[in-house]
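Trainee: Just dropping this structure here.
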Amino acid sequence: MPAASPPGPTPPVPAPAGGGAPGDGATSGARRGVRARFGFGLIGPRRDRHVLRASQLSALSLPIGDDGVVVGVDQQQRPVTLALSRPAPYDVLLVGGLWTAQALALRAAGTGLRVAVETGRAQSWGPLVQAAGGGHPCMVTHEVGRVAPQGPSVRGPVLVVRDCGMRPPRGRVTSTPWQSVLTLLPYVSPVAPRLLEHAHLVGVQRVSPDEASAVGRVLALPQADVNALSSLPDEVTLWCTRRSRQYVTIRATDIETALLGTPRRVD
């Protein structure tokens with residue numbers, strides 16, 4: 001019998017639509033009727049470009065405010081912030097009520113500051129301290145004169161709140177870079193002039209006419225502001241420096257109201 005003829009060449013396999021290699025994603029896409037591009041996968045959805053005409057640019061706005069602790073709103077209802085994380089020493093004096101000092105301490109802790117409270121009435125700060133950190137010691141109370149060095153840094157700024165009565169002693173821990181000190185005076189005491197002159201920022205809530213006159217002399221306040229200090233509402237504070245002054249109304253949040261109650265000048 002004649003020898004069998006050798007088999008002929010294998011016919012070429014037709015290339016899949018789209019030019020992909022056999023068995024790749026392009027082939028499976030072609031089988032489903034999806035248009036594909038070699039080396040780039042499937043074509044994605046098409047959307048209109050986000051393009052504005054030059055005449056529309058003025059309609060864009062990005063609200064950017066100052067950083068810091070929100071201490072309230074001004075007379076135009078704009079937020080007012082207080083920068084307590086500073087690379088330089090910063091001393092704040094608040095002649096006012098415990099409620100405002102505690103609200104500021106709580107808000108400072110909310111912005112990431114560690115808060116050390118030097119106080120002779122730890123029982124008044126206890127519920128706030130327990131609730132502030134949610135289990136983390138971001139706010140700690142210390143006896144008067146017993147505040148240990150806090151080790152402030154740019155990554156761990158500190159606020160020291162001194163709630164030490166009418167005549168606060170000189171503190172062992174003072175303001176340093178990244179450590180601000182807030183001193184609370186319930187009223188204008190004999191040591192108030194020294195503290196007023198030393199402070200970088202002073203907040204004054206409602207005081208008596210005589211106290212208002214004493215504050216006005218030290219801070220060189222206009223007579224209109226001196227007269228207003230004796231009739232301020234509980235939630236209003238006059239914040240002032242040597243060069244500027246501003247009336248600020250603090251608005252309690254729901255959490256602050258639950259922890260501290262409504263704003264009040266006298267405790």
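Residue numbers start at 1 in each chain; chains themselves are named A, B, ... in the order of the structure tokens; ligands are numbered from 1 in the order shown.
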Might you pull out every residue within 7 Å of region 91-97 of chain A, with only C-alpha atoms counted and same-chain residues fewer than 3 positions away left off, and present them as an MDAnalysis selection string?
Mentor: chainID A and resid 100:101 175 180:188 196 199:205 264:267
Trainee: How would the residues just chosen look if you wrote them out with C-alpha atoms as a PDB file, in the first residue's frame?
Mentor:
ATOM      1  CA  THR A 100     -16.965  79.366  79.730  1.00  0.00           C
ATOM      2  CA  ALA A 101     -13.585  78.069  80.911  1.00  0.00           C
ATOM      3  CA  SER A 175       3.533  79.135  79.090  1.00  0.00           C
ATOM      4  CA  SER A 180      -0.547  77.968  76.357  1.00  0.00           C
ATOM      5  CA  VAL A 181      -1.913  78.901  79.779  1.00  0.00           C
ATOM      6  CA  LEU A 182      -5.508  79.979  80.423  1.00  0.00           C
ATOM      7  CA  THR A 183      -6.040  81.545  83.848  1.00  0.00           C
ATOM      8  CA  LEU A 184      -9.591  81.884  85.171  1.00  0.00           C
ATOM      9  CA  LEU A 185     -10.497  84.702  87.548  1.00  0.00           C
ATOM     10  CA  PRO A 186     -14.074  84.667  88.853  1.00  0.00           C
ATOM     11  CA  TYR A 187     -13.889  88.401  89.533  1.00  0.00           C
ATOM     12  CA  VAL A 188     -11.401  91.250  89.373  1.00  0.00           C
ATOM     13  CA  LEU A 196      -4.077  91.736  82.958  1.00  0.00           C
ATOM     14  CA  ALA A 199      -1.658  88.349  79.442  1.00  0.00           C
ATOM     15  CA  HIS A 200      -1.439  88.291  75.660  1.00  0.00           C
ATOM     16  CA  LEU A 201      -5.235  87.996  75.417  1.00  0.00           C
ATOM     17  CA  VAL A 202      -7.927  88.950  77.936  1.00  0.00           C
ATOM     18  CA  GLY A 203     -11.542  87.816  77.989  1.00  0.00           C
ATOM     19  CA  VAL A 204     -13.957  89.707  80.229  1.00  0.00           C
ATOM     20  CA  GLN A 205     -17.488  88.620  80.971  1.00  0.00           C
ATOM     21  CA  ARG A 264     -23.955  81.042  82.821  1.00  0.00           C
ATOM     22  CA  ARG A 265     -21.741  83.719  84.282  1.00  0.00           C
ATOM     23  CA  VAL A 266     -22.034  82.802  87.957  1.00  0.00           C
ATOM     24  CA  ASP A 267     -21.634  79.243  89.276  1.00  0.00           C
TER      25      ASP A 267
END
Trainee: Tell me, as a PyMOL selection string, which residues lie within 8 Å of region 215-226 of chain A, counting only C-alpha atoms; anything in the same chain fewer than 3 positions away does not count.
Mentor: chain A and resi 188+193+196-197+209+211-212+229-230+241-242
Trainee: Would you pick out the contacts of Arg78 (chain A) at 10 Å or less, using only C-alpha atoms, so that residues sharing its chain but fewer than 4 positions from it are not included, and give the list as an NGL selection string?
Mentor: :A and (65 or 72-74 or 248)
Trainee: Just to be explicit: take each residue in the selection above, keep C-alpha atoms, and write the result as a PDB file, in the first residue's frame.
Mentor:
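Result file out17.pdb:
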ATOM      1  CA  GLY A  65     -11.462  80.139  58.133  1.00  0.00           C
ATOM      2  CA  GLY A  72     -18.111  81.802  69.551  1.00  0.00           C
ATOM      3  CA  VAL A  73     -19.462  84.099  66.863  1.00  0.00           C
ATOM      4  CA  ASP A  74     -19.012  87.816  66.315  1.00  0.00           C
ATOM      5  CA  VAL A 248     -18.069  87.205  71.065  1.00  0.00           C
TER       6      VAL A 248
END
Trainee: Might you pull out every residue within 12 Å of Ile255 (chain A), with only C-alpha atoms counted and same-chain residues fewer than 6 positions away left off, and present them as a list of chain:residue names?
Mentor: A:Ala103, A:Leu106, A:Arg107, A:Gly110, A:Leu128, A:Ala131, A:Ala132, A:Gly261, A:Thr262
Trainee: The selected residues should be written to file as a PDB file, in the first residue's frame (atoms: C-alpha atoms).
Mentor:
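Result written to part_15.pdb:
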ATOM      1  CA  ALA A 103     -16.364  74.921  77.355  1.00  0.00           C
ATOM      2  CA  LEU A 106     -13.512  70.883  76.063  1.00  0.00           C
ATOM      3  CA  ARG A 107     -13.208  72.508  72.646  1.00  0.00           C
ATOM      4  CA  GLY A 110     -11.535  68.380  70.662  1.00  0.00           C
ATOM      5  CA  LEU A 128     -16.130  66.865  82.140  1.00  0.00           C
ATOM      6  CA  ALA A 131     -16.407  62.540  79.307  1.00  0.00           C
ATOM      7  CA  ALA A 132     -13.812  64.535  77.366  1.00  0.00           C
ATOM      8  CA  GLY A 261     -25.824  72.935  81.119  1.00  0.00           C
ATOM      9  CA  THR A 262     -26.631  76.297  79.536  1.00  0.00           C
TER      10      THR A 262
END
Trainee: Counting only C-alpha atoms, which of A:Gly68, A:Pro177, A:Pro168, A:Pro79 gets nearest to Thr119 (chain A)?
Mentor: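 For Thr119 (chain A), the nearest of the given residues is A:Pro168.
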Trainee: Could you tell me, as JSON, numbers by chain, which residues of region 72-246 of chain A DSSP assigns to alpha helix (DSSP H) when given the backbone?
Mentor: {"A": [98, 99, 100, 101, 102, 103, 104, 105, 106, 107, 108, 109, 110, 122, 123, 124, 125, 126, 127, 128, 129, 130, 131, 132, 192, 193, 194, 195, 196, 197, 198, 209, 210, 211, 212, 213, 214, 215, 216, 217, 218, 219, 223, 224, 225, 226, 227, 228]}
Trainee: Find the spatial neighbours of Thr111 (chain A), counting only C-alpha atoms, within a cut-off of 12 Å - ignore same-chain residues fewer than 2 positions away - and output them as a ChimeraX atom specification.
Mentor: /A:67-70,81-85,104-109,113-115,132-133,138,156-159
Trainee: Quick one, how far is CA of Val191 (chain A) from CA of Cys164 (chain A)?
Mentor: 12.3 Å
Trainee: For the strand (DSSP E or B) assignment from backbone DSSP, which residues of region 14-257 of chain A qualify? Please present them as a PyMOL selection string.
Mentor: chain A and resi 36-37+41-42+69-73+79-82+90-95+114-119+139-142+153+156+158-163+176+179-185+201-204+236-240+245-249
Trainee: Report as a list of chain:residue names all protein, DNA and RNA residues lying within 9 Å of Pro190 (chain A), evaluated on only C-alpha atoms, omitting residues in the same chain fewer than 4 positions from it.
Mentor: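 My reading of the contact set: A:Met166, A:Arg167, A:Arg194.
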Trainee: Give me a file of those residues, with all heavy atoms, as a PDB file, in the first residue's frame.
Mentor:
ATOM      1  N   MET A 166      -9.548  83.412  93.442  1.00  0.00           N
ATOM      2  CA  MET A 166      -9.367  84.858  93.288  1.00  0.00           C
ATOM      3  C   MET A 166      -7.909  85.280  93.275  1.00  0.00           C
ATOM      4  O   MET A 166      -7.547  86.275  92.654  1.00  0.00           O
ATOM      5  CB  MET A 166     -10.100  85.586  94.414  1.00  0.00           C
ATOM      6  CG  MET A 166     -11.604  85.391  94.404  1.00  0.00           C
ATOM      7  SD  MET A 166     -12.390  86.322  93.078  1.00  0.00           S
ATOM      8  CE  MET A 166     -12.166  87.988  93.661  1.00  0.00           C
ATOM      9  N   ARG A 167      -7.068  84.544  93.995  1.00  0.00           N
ATOM     10  CA  ARG A 167      -5.639  84.878  94.084  1.00  0.00           C
ATOM     11  C   ARG A 167      -4.804  83.676  93.649  1.00  0.00           C
ATOM     12  O   ARG A 167      -4.197  82.998  94.486  1.00  0.00           O
ATOM     13  CB  ARG A 167      -5.261  85.296  95.506  1.00  0.00           C
ATOM     14  CG  ARG A 167      -5.948  86.568  95.995  1.00  0.00           C
ATOM     15  CD  ARG A 167      -5.644  86.816  97.469  1.00  0.00           C
ATOM     16  NE  ARG A 167      -6.246  88.021  97.971  1.00  0.00           N
ATOM     17  CZ  ARG A 167      -5.645  89.207  98.014  1.00  0.00           C
ATOM     18  NH1 ARG A 167      -4.402  89.324  97.576  1.00  0.00           N
ATOM     19  NH2 ARG A 167      -6.266  90.273  98.497  1.00  0.00           N
ATOM     20  N   ARG A 194      -1.931  92.774  87.694  1.00  0.00           N
ATOM     21  CA  ARG A 194      -0.703  92.104  87.255  1.00  0.00           C
ATOM     22  C   ARG A 194      -0.994  91.088  86.165  1.00  0.00           C
ATOM     23  O   ARG A 194      -0.272  91.008  85.155  1.00  0.00           O
ATOM     24  CB  ARG A 194      -0.026  91.428  88.454  1.00  0.00           C
ATOM     25  CG  ARG A 194       1.182  90.569  88.069  1.00  0.00           C
ATOM     26  CD  ARG A 194       1.821  89.942  89.290  1.00  0.00           C
ATOM     27  NE  ARG A 194       0.927  89.075  90.019  1.00  0.00           N
ATOM     28  CZ  ARG A 194       0.698  87.793  89.715  1.00  0.00           C
ATOM     29  NH1 ARG A 194       1.286  87.245  88.666  1.00  0.00           N
ATOM     30  NH2 ARG A 194      -0.116  87.064  90.457  1.00  0.00           N
TER      31      ARG A 194
END
Trainee: How many Å lie between CA of Pro152 (chain A) and CA of Ala192 (chain A), rounded to one decimal?
Mentor: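 Distance reported for this atom pair: 27.2 Å.
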Trainee: Any idea what the distance is between CA of Val147 (chain A) and CA of Val129 (chain A)?
Mentor: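 Those two atoms sit 15.7 Å apart.
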